[in-house]
Amino acid sequence: MRFCGPLIVMLAALALAPSALASAQSTAVANAATGACKAERAQVGEDTFLENYGSLGACKQSYRALAQGAAKNGAKACKAERRKHPALFRSKYGVGKKKRNAFGKCVSKKARGAMEETVATNVDAMTACTDYRDEDPDGFAEFYGEEADALSTCVADELAPDDEDDGSVDDGTVDDGSDDGAEDGVVDEDDGGVDP
């Protein structure tokens, strides 16, 4: 009976260890998202930042998934780098006498780099949208509206991938809108058939 006390304490510590690790990872992701949002806010200004996101919390939420992915991808890249040259890896990333923290420093550096690229892309999009709005307010309002989310809609459009290559095939035929029997390869409205 005397040994049960330390055994219970040890079992409780083992049960709490995974949650403590998850909490540390969650904190690191939250800190990365917060850092990215603060960098973005510093570059575009408080007003533009709030107009785009609405709040710091909304910005952090938008960066959370990116931060998780960046940490995961960074860990994979660091594992591969460490596997190839362990001694070089420790000397490159490690700090202190034994350089035992090299892996964490490597992941942090790679994840930070991915986050900085995204911040720069977002800042460029916000700058392009505010420039457009300032240079041509009527055109901006006509295209994006005058609602509170007009800037964020513009930014989303700027960040969206170009859909020039939508997978469709251009065979060079053009519908002239008439039912003249021309072989334009287009269904004419009145007869529902395809021109021969």
# chains A, B, ... in the order shown; residues from 1 in each chain; ligands from 1

$ closest_atom_pairs --of "region 57-175 of chain A" --to "region 35-49 of chain A" --cutoff "9 Å" --atoms "only C-alpha atoms" --output "tab-separated table"
residue	atom	partner	partner_atom	distance
A:Cys59	CA	A:Cys37	CA	6.0
A:Lys60	CA	A:Cys37	CA	6.3
A:Tyr63	CA	A:Ala36	CA	7.5
A:Arg112	CA	A:Ala36	CA	8.8
A:Met115	CA	A:Ala36	CA	6.6
A:Glu116	CA	A:Ala36	CA	7.2
A:Thr118	CA	A:Ala36	CA	8.6
A:Val119	CA	A:Glu40	CA	6.0
A:Ala120	CA	A:Glu40	CA	7.9
A:Asn122	CA	A:Glu40	CA	7.7
A:Val123	CA	A:Glu40	CA	6.4
A:Met126	CA	A:Val44	CA	7.4
A:Thr127	CA	A:Val44	CA	7.2
A:Thr130	CA	A:Thr48	CA	7.9
A:Leu151	CA	A:Thr48	CA	8.4

$ write_last_selection --atoms "N, CA and C atoms" --output "short mmCIF file (atom, residue, chain, number, x, y, z; two decimals), in the first residue's frame"
data_model
loop_
_atom_site.label_atom_id
_atom_site.label_comp_id
_atom_site.auth_asym_id
_atom_site.auth_seq_id
_atom_site.Cartn_x
_atom_site.Cartn_y
_atom_site.Cartn_z
N CYS A 59 -8.52 37.81 -37.72
CA CYS A 59 -7.26 37.61 -38.45
C CYS A 59 -6.54 36.37 -37.93
N LYS A 60 -6.44 36.24 -36.61
CA LYS A 60 -5.76 35.08 -36.03
C LYS A 60 -6.43 33.78 -36.45
N TYR A 63 -5.37 32.80 -39.87
CA TYR A 63 -3.98 32.33 -39.96
C TYR A 63 -3.74 31.01 -39.22
N ARG A 112 8.16 30.17 -39.79
CA ARG A 112 8.16 31.63 -39.83
C ARG A 112 8.35 32.13 -41.25
N MET A 115 5.07 31.79 -43.08
CA MET A 115 4.12 32.79 -42.61
C MET A 115 4.47 34.17 -43.17
N GLU A 116 5.76 34.50 -43.25
CA GLU A 116 6.18 35.80 -43.77
C GLU A 116 5.80 35.95 -45.23
N THR A 118 3.21 34.60 -46.70
CA THR A 118 1.77 34.83 -46.75
C THR A 118 1.41 36.24 -46.30
N VAL A 119 2.09 36.73 -45.27
CA VAL A 119 1.85 38.11 -44.82
C VAL A 119 2.16 39.07 -45.96
N ALA A 120 3.27 38.87 -46.63
CA ALA A 120 3.65 39.76 -47.74
C ALA A 120 2.60 39.71 -48.86
N ASN A 122 -0.61 38.91 -48.55
CA ASN A 122 -1.83 39.56 -48.06
C ASN A 122 -1.68 41.08 -48.05
N VAL A 123 -0.52 41.56 -47.63
CA VAL A 123 -0.28 43.01 -47.60
C VAL A 123 -0.33 43.57 -49.03
N MET A 126 -4.00 43.75 -50.04
CA MET A 126 -4.70 44.85 -49.37
C MET A 126 -4.28 46.20 -49.94
N THR A 127 -2.99 46.34 -50.23
CA THR A 127 -2.49 47.58 -50.79
C THR A 127 -3.08 47.81 -52.18
N THR A 130 -6.77 48.88 -51.69
CA THR A 130 -6.95 50.24 -51.18
C THR A 130 -6.51 51.26 -52.23
N LEU A 151 -13.85 45.74 -49.04
CA LEU A 151 -12.40 45.58 -49.09
C LEU A 151 -12.01 44.11 -48.94
#

$ closest_residue --among "A:Val107, A:Leu50, A:Ala150, A:Ala160" --to "Lys76 (chain A)" --atoms "only C-alpha atoms"
A:Val107

$ atom_distance --atom1 "CA of Asp138 (chain A)" --atom2 "CA of Cys154 (chain A)"
14.2 Å

$ residues_around --residues "Asp157 (chain A)" --least-positions-apart "4" --cutoff "12 Å" --atoms "only C-alpha atoms" --output "MDAnalysis selection string"
chainID A and resid 122 125:126 128:129 143:144 150:153 161:163

$ atom_distance --atom1 "CA of Val155 (chain A)" --atom2 "CA of Thr121 (chain A)"
10.2 Å

$ residues_around --residues "Gln68 (chain A)" --least-positions-apart "4" --cutoff "8 Å" --atoms "only C-alpha atoms" --output "PDB file with N, CA and C atoms, in the first residue's frame"
ATOM      1  N   VAL A  29       1.213  27.633 -32.311  1.00  0.00           N
ATOM      2  CA  VAL A  29       0.395  27.987 -33.484  1.00  0.00           C
ATOM      3  C   VAL A  29      -0.298  29.325 -33.243  1.00  0.00           C
ATOM      4  N   ARG A  64      -4.655  30.595 -38.381  1.00  0.00           N
ATOM      5  CA  ARG A  64      -4.427  29.406 -37.556  1.00  0.00           C
ATOM      6  C   ARG A  64      -4.131  28.154 -38.389  1.00  0.00           C
ATOM      7  N   LYS A  72       3.764  21.834 -39.496  1.00  0.00           N
ATOM      8  CA  LYS A  72       3.831  20.428 -39.919  1.00  0.00           C
ATOM      9  C   LYS A  72       4.809  20.258 -41.087  1.00  0.00           C
TER      10      LYS A  72
END

$ atom_distance --atom1 "CA of Thr34 (chain A)" --atom2 "CA of Asp131 (chain A)"
25.9 Å
